[in-house]
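Structure first, then comments.
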Amino acid sequence: LILENKLYNALERKELELYYQPQVDLNTGQIIGMEALIRWINPELGLVSPGKFIPIAEETGLIIPIGEWTLRSACKQNKVWQNMGYEPMRVAVNISACQFQQEGFVEKVGQILNETGLESKWLEIEITESIAIKNVDFTARTLRKFKDMGVKVSIDDFGTGFSSLAYLKNFKIDALKIDYSFVRDIGINSDNESIIKAIIMLAKNLKLNVIAEGVETKEQLSFLRDEECNESQGYLFSKPVPSKDFEKLLVRHN
Ligand code: G
Ligand code: G
Ligand code: MN
Ligand code: NA
């Protein structure tokens, strides 16, 4: 309850901050995207991990204003970097189930893009398999609207949910993110290596981008390169960092 009350004030008191983690193109070695990851820095509690407070935000409905703040901040920051002359890149934002199912969510995203001036192709929303399969007709309709708008969609934690492969061809998605639990097992568990290979092949055949999460070692990276995974994200390149630190990783295009 204490956490809940403090979280209630967090937005207004500007205690929330977005960290960014780079997503690296495995062909060129360039950063071509970033995932925005929320952090809560409270004067008394210190840094509270999203694993702790996102579930509370979801239960209390606070995820709606917090999620909107996250989307707006990520789009705004991305536009600022583009205006500064850095190579344009995607920003990915995690979306909770209740946000995705919220009435008028697609329109809200459109409004945020308008407001911030970010082109739709530079925004990606991440949803999980469990969100996607909750109501497949609703999801198909919503994802079509995002497609028409030009916003990219990825499936987060792919391989861990109970999704059927059939939906993948009906849903307008752009990318699969291979869950870190498989990546962690590269060189350790050959079954999980096989799952990674299968996900990459599936993505390739469906013409989807494929991003490996939680890449921590050179060995994992070289396995993913050999298997022709498109992109990687993980501590090997960088932890999620505050925007000022992320900026140091960026390259100017002129
Ligand atoms: O950054 P970290 O690994 O601590 O994130 C923990 C979890 O919190 C991850 O599952 C991540 O998807 C989730 N998360 C981080 N930022 C956001 C956000 O802005 N919105 C939602 N819904 N989840 C987030
Ligand atoms: O659920 P989601 O995939 O959105 O969450 C991403 C989470 O993974 C974030 O909490 C982020 O901090 C964490 N993360 C990012 N890179 C690595 C990594 O290389 N290793 C581990 N263990 N976690 C990572
Ligand atoms: Mn994610
Ligand atoms: Na994930």
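Numbering starts fresh at 1 for the residues of each chain in the structure tokens, the chains themselves are lettered A, B, ... in the order given, and ligands are numbered from 1 as they appear.
When DSSP reads the backbone of this structure, the residues of region 109-162 of chain A it assigns to alpha helix (DSSP H) are A:Val109, A:Gly110, A:Gln111, A:Ile112, A:Leu113, A:Asn114, A:Glu115, A:Thr116, A:Glu129, A:Ser130, A:Ile131, A:Ala132, A:Ile133, A:Lys134, A:Val136, A:Asp137, A:Phe138, A:Thr139, A:Ala140, A:Arg141, A:Thr142, A:Leu143, A:Arg144, A:Lys145, A:Phe146, A:Lys147, A:Asp148, A:Met149.
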Convert the current residue selection to file output with N, CA and C atoms, as a short mmCIF file (atom, residue, chain, number, x, y, z; two decimals), in the first residue's frame.
```cif
data_model
loop_
_atom_site.label_atom_id
_atom_site.label_comp_id
_atom_site.auth_asym_id
_atom_site.auth_seq_id
_atom_site.Cartn_x
_atom_site.Cartn_y
_atom_site.Cartn_z
N VAL A 109 -1.88 6.61 -29.48
CA VAL A 109 -0.51 6.52 -30.01
C VAL A 109 -0.35 7.49 -31.18
N GLY A 110 -1.36 7.54 -32.04
CA GLY A 110 -1.34 8.48 -33.18
C GLY A 110 -1.22 9.92 -32.72
N GLN A 111 -1.95 10.23 -31.67
CA GLN A 111 -1.93 11.58 -31.11
C GLN A 111 -0.54 11.93 -30.56
N ILE A 112 0.07 10.96 -29.88
CA ILE A 112 1.41 11.18 -29.32
C ILE A 112 2.44 11.41 -30.44
N LEU A 113 2.30 10.66 -31.53
CA LEU A 113 3.21 10.83 -32.67
C LEU A 113 3.05 12.23 -33.28
N ASN A 114 1.80 12.64 -33.42
CA ASN A 114 1.51 13.97 -33.95
C ASN A 114 2.13 15.06 -33.11
N GLU A 115 1.88 14.91 -31.80
CA GLU A 115 2.31 15.89 -30.82
C GLU A 115 3.82 16.03 -30.79
N THR A 116 4.53 14.88 -30.87
CA THR A 116 5.98 14.91 -30.72
C THR A 116 6.68 15.10 -32.07
N GLU A 129 3.25 -12.48 -26.15
CA GLU A 129 2.34 -13.46 -26.74
C GLU A 129 1.03 -13.53 -25.96
N SER A 130 1.12 -13.46 -24.64
CA SER A 130 -0.09 -13.61 -23.83
C SER A 130 -1.06 -12.46 -24.07
N ILE A 131 -0.52 -11.25 -24.29
CA ILE A 131 -1.40 -10.13 -24.64
C ILE A 131 -2.06 -10.40 -25.99
N ALA A 132 -1.23 -10.87 -26.92
CA ALA A 132 -1.70 -11.06 -28.30
C ALA A 132 -2.82 -12.09 -28.40
N ILE A 133 -2.72 -13.16 -27.60
CA ILE A 133 -3.70 -14.24 -27.76
C ILE A 133 -4.91 -14.13 -26.83
N LYS A 134 -4.96 -13.07 -26.03
CA LYS A 134 -6.09 -12.87 -25.12
C LYS A 134 -7.42 -12.82 -25.88
N VAL A 136 -7.99 -12.84 -29.94
CA VAL A 136 -7.27 -12.81 -31.21
C VAL A 136 -7.92 -11.91 -32.27
N ASP A 137 -9.24 -11.81 -32.24
CA ASP A 137 -9.91 -10.94 -33.23
C ASP A 137 -9.59 -9.47 -32.95
N PHE A 138 -9.68 -9.12 -31.67
CA PHE A 138 -9.35 -7.75 -31.27
C PHE A 138 -7.89 -7.43 -31.62
N THR A 139 -7.00 -8.37 -31.31
CA THR A 139 -5.58 -8.16 -31.59
C THR A 139 -5.33 -7.98 -33.08
N ALA A 140 -5.95 -8.83 -33.88
CA ALA A 140 -5.76 -8.74 -35.34
C ALA A 140 -6.19 -7.37 -35.85
N ARG A 141 -7.33 -6.91 -35.36
CA ARG A 141 -7.84 -5.59 -35.79
C ARG A 141 -6.91 -4.47 -35.34
N THR A 142 -6.48 -4.54 -34.09
CA THR A 142 -5.61 -3.49 -33.54
C THR A 142 -4.27 -3.46 -34.27
N LEU A 143 -3.71 -4.63 -34.51
CA LEU A 143 -2.40 -4.68 -35.18
C LEU A 143 -2.50 -4.19 -36.63
N ARG A 144 -3.63 -4.44 -37.26
CA ARG A 144 -3.84 -3.91 -38.61
C ARG A 144 -3.86 -2.39 -38.60
N LYS A 145 -4.50 -1.83 -37.58
CA LYS A 145 -4.53 -0.36 -37.47
C LYS A 145 -3.12 0.21 -37.29
N PHE A 146 -2.31 -0.46 -36.46
CA PHE A 146 -0.94 0.01 -36.27
C PHE A 146 -0.15 -0.10 -37.57
N LYS A 147 -0.38 -1.20 -38.29
CA LYS A 147 0.30 -1.40 -39.58
C LYS A 147 -0.05 -0.26 -40.54
N ASP A 148 -1.35 0.04 -40.63
CA ASP A 148 -1.80 1.11 -41.53
C ASP A 148 -1.20 2.45 -41.13
N MET A 149 -1.01 2.61 -39.83
CA MET A 149 -0.46 3.86 -39.32
C MET A 149 1.06 3.94 -39.55
#
```
Test item: residues no farther than 7 Å from ligand 1, counting only C-alpha atoms and all ligand atoms, as number ranges by chain: A: 36-38, 49-51, 54, 67, 70, 93-96, 240
Filtering to N, CA and C atoms, could you give me those residues as a compact mmCIF listing (two decimals), in the first residue's frame?
```
# COMPACT_ATOMS: atom_id res chain seq x y z
N ALA A 36 13.16 1.35 -24.73
CA ALA A 36 12.97 2.22 -23.58
C ALA A 36 12.52 1.37 -22.40
N LEU A 37 13.20 1.51 -21.27
CA LEU A 37 12.86 0.73 -20.08
C LEU A 37 12.70 1.68 -18.90
N ILE A 38 11.54 1.62 -18.28
CA ILE A 38 11.21 2.59 -17.25
C ILE A 38 11.95 2.31 -15.94
N SER A 49 12.80 -1.36 -9.15
CA SER A 49 12.82 -2.01 -10.46
C SER A 49 11.40 -2.13 -11.01
N PRO A 50 11.26 -2.06 -12.34
CA PRO A 50 9.93 -2.17 -12.94
C PRO A 50 9.29 -3.53 -12.65
N GLY A 51 10.11 -4.55 -12.47
CA GLY A 51 9.58 -5.85 -12.10
C GLY A 51 8.75 -5.77 -10.83
N ILE A 54 5.70 -2.29 -11.89
CA ILE A 54 4.79 -2.42 -13.03
C ILE A 54 3.56 -3.27 -12.66
N GLY A 67 1.95 4.53 -18.65
CA GLY A 67 2.23 4.03 -20.01
C GLY A 67 2.18 5.15 -21.04
N THR A 70 5.28 7.14 -20.70
CA THR A 70 6.41 6.40 -21.29
C THR A 70 6.44 6.56 -22.81
N VAL A 93 8.87 0.45 -27.19
CA VAL A 93 8.22 0.70 -25.90
C VAL A 93 7.39 -0.53 -25.51
N ASN A 94 7.58 -0.97 -24.27
CA ASN A 94 6.80 -2.12 -23.75
C ASN A 94 5.37 -1.69 -23.43
N ILE A 95 4.42 -2.48 -23.85
CA ILE A 95 3.00 -2.16 -23.64
C ILE A 95 2.36 -3.24 -22.77
N SER A 96 1.69 -2.81 -21.70
CA SER A 96 0.97 -3.75 -20.84
C SER A 96 -0.37 -4.13 -21.45
N PRO A 240 20.78 -1.16 -20.03
CA PRO A 240 19.92 0.01 -20.22
C PRO A 240 20.54 1.18 -19.44
```
Give one line per residue of region 44-159 of chain A that approaches region 27-32 of chain A to at most 12 Å, naming the two atoms of the closest pair and their distance in Å to one decimal, counting only C-alpha atoms; sort by chain then ascending residue number and deliver it as JSON lines.
```
{"residue": "A:Tyr86", "atom": "CA", "partner": "A:Ile31", "partner_atom": "CA", "distance": 11.1}
{"residue": "A:Glu87", "atom": "CA", "partner": "A:Ile32", "partner_atom": "CA", "distance": 8.4}
{"residue": "A:Pro88", "atom": "CA", "partner": "A:Ile32", "partner_atom": "CA", "distance": 7.9}
{"residue": "A:Met89", "atom": "CA", "partner": "A:Ile32", "partner_atom": "CA", "distance": 5.2}
{"residue": "A:Arg90", "atom": "CA", "partner": "A:Ile32", "partner_atom": "CA", "distance": 6.7}
{"residue": "A:Val91", "atom": "CA", "partner": "A:Ile32", "partner_atom": "CA", "distance": 9.1}
{"residue": "A:Ala92", "atom": "CA", "partner": "A:Ile32", "partner_atom": "CA", "distance": 11.1}
{"residue": "A:Trp122", "atom": "CA", "partner": "A:Ile32", "partner_atom": "CA", "distance": 10.2}
```
Kindly export the residues of the current selection with C-alpha atoms, as a short mmCIF file (atom, residue, chain, number, x, y, z; two decimals), in the first residue's frame.
```
data_model
loop_
_atom_site.label_atom_id
_atom_site.label_comp_id
_atom_site.auth_asym_id
_atom_site.auth_seq_id
_atom_site.Cartn_x
_atom_site.Cartn_y
_atom_site.Cartn_z
CA TYR A 86 22.09 11.52 -34.97
CA GLU A 87 21.39 8.61 -37.29
CA PRO A 88 17.60 7.99 -37.01
CA MET A 89 16.61 4.82 -35.22
CA ARG A 90 13.59 2.98 -33.81
CA VAL A 91 12.51 3.28 -30.24
CA ALA A 92 10.70 0.27 -28.76
CA TRP A 122 10.55 5.11 -35.74
#
```
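Within region 81-184 of chain A, DSSP applied to the backbone places the following residues in strand (DSSP E): A:Arg90, A:Val91, A:Ala92, A:Val93, A:Asn94, A:Leu123, A:Glu124, A:Ile125, A:Glu126, A:Ile127, A:Thr128, A:Lys152, A:Val153, A:Ser154, A:Ile155, A:Asp156, A:Asp157, A:Phe158, A:Ala175, A:Leu176, A:Lys177, A:Ile178.
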Put those residues in a file: C-alpha atoms, as a compact mmCIF listing (two decimals), in the first residue's frame.
```txt
# COMPACT_ATOMS: atom_id res chain seq x y z
CA ARG A 90 13.59 2.98 -33.81
CA VAL A 91 12.51 3.28 -30.24
CA ALA A 92 10.70 0.27 -28.76
CA VAL A 93 8.22 0.70 -25.90
CA ASN A 94 6.80 -2.12 -23.75
CA LEU A 123 8.19 3.79 -33.06
CA GLU A 124 7.86 0.12 -32.20
CA ILE A 125 5.51 -1.28 -29.62
CA GLU A 126 6.38 -4.51 -27.81
CA ILE A 127 3.59 -6.82 -26.78
CA THR A 128 3.87 -10.31 -25.34
CA LYS A 152 6.08 -1.26 -35.88
CA VAL A 153 5.07 -4.13 -33.61
CA SER A 154 7.27 -6.79 -32.04
CA ILE A 155 6.44 -9.85 -29.97
CA ASP A 156 8.45 -9.70 -26.74
CA ASP A 157 9.72 -12.75 -24.83
CA PHE A 158 8.96 -14.87 -27.88
CA ALA A 175 9.63 -8.61 -35.37
CA LEU A 176 10.12 -11.47 -32.94
CA LYS A 177 12.25 -10.93 -29.85
CA ILE A 178 13.86 -14.19 -28.75
```
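Of the residues under consideration (A:Asn42, A:Ser163, A:Ser232, A:Asn83), A:Asn42 shows the shortest atom-to-atom contact distance to Ala10 (chain A) when counting only C-alpha atoms.
Shortest separation to Asn230 (chain A) among A:Cys98, A:Met201, A:Cys75, A:Leu249 occurs at residue A:Met201, atoms counted being only C-alpha atoms.
Counting only C-alpha atoms and all ligand atoms, the residue from A:Glu213, A:Glu119, A:Glu59, A:Glu15 that sits nearest to ligand 4 is A:Glu213.
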Residue contacts of region 216-228 of chain A (10 Å, only C-alpha atoms) excluding same-chain residues fewer than 2 positions away, as a PyMOL selection string: chain A and resi 26-27+180+183-187+193+196-198+200-201+204+210-214+230-239
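Going from CA of Phe182 (chain A) to atom 1 (Na, counted along the ligand's line) of ligand 4 covers 10.8 Å.
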Two-atom distance - CA of Leu45 (chain A), CA of Ile2 (chain A) (Å): 10.6 Å
Within 12 Å of Pro43 (chain A) using only C-alpha atoms, minus same-chain residues under 5 positions, as a PyMOL selection string: chain A and resi 6-7+9-10+13-16+48
Could you turn the residues from that selection into a file that holds C-alpha atoms, as a PDB file, in the first residue's frame?
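Generated output (selection.pdb):
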```pdb
ATOM      1  CA  LYS A   6       4.236   6.577  -3.528  1.00  0.00           C
ATOM      2  CA  LEU A   7       3.752   5.335  -7.081  1.00  0.00           C
ATOM      3  CA  ASN A   9       2.724  10.548  -6.766  1.00  0.00           C
ATOM      4  CA  ALA A  10       5.703   9.396  -8.817  1.00  0.00           C
ATOM      5  CA  ARG A  13       6.916  14.405  -8.840  1.00  0.00           C
ATOM      6  CA  LYS A  14       8.912  13.443 -11.919  1.00  0.00           C
ATOM      7  CA  GLU A  15      10.429  10.406 -10.252  1.00  0.00           C
ATOM      8  CA  LEU A  16      10.059   8.258 -13.363  1.00  0.00           C
ATOM      9  CA  VAL A  48      12.705   0.569  -7.688  1.00  0.00           C
TER      10      VAL A  48
END
```
Glu247 (chain A) environment, 10 Å, only C-alpha atoms, sequence neighbours closer than 5 positions dropped, as number ranges by chain: A: 20, 81, 86, 241-242
Can you write just those residues out, C-alpha atoms, as a JSON list (two decimals), in the first residue's frame?
```json
[["chain", "number", "residue", "atom", "x", "y", "z"],
["A", 20, "TYR", "CA", 17.57, 3.08, -23.09],
["A", 81, "TRP", "CA", 18.08, 12.87, -31.05],
["A", 86, "TYR", "CA", 22.09, 11.52, -34.97],
["A", 241, "VAL", "CA", 21.34, 3.49, -19.46],
["A", 242, "PRO", "CA", 19.99, 7.03, -18.86]]
```
Nearest-residue call for Gly33 (chain A), choices A:Ser120, A:Phe162, A:Ala57, A:Asn78, using only C-alpha atoms: A:Asn78
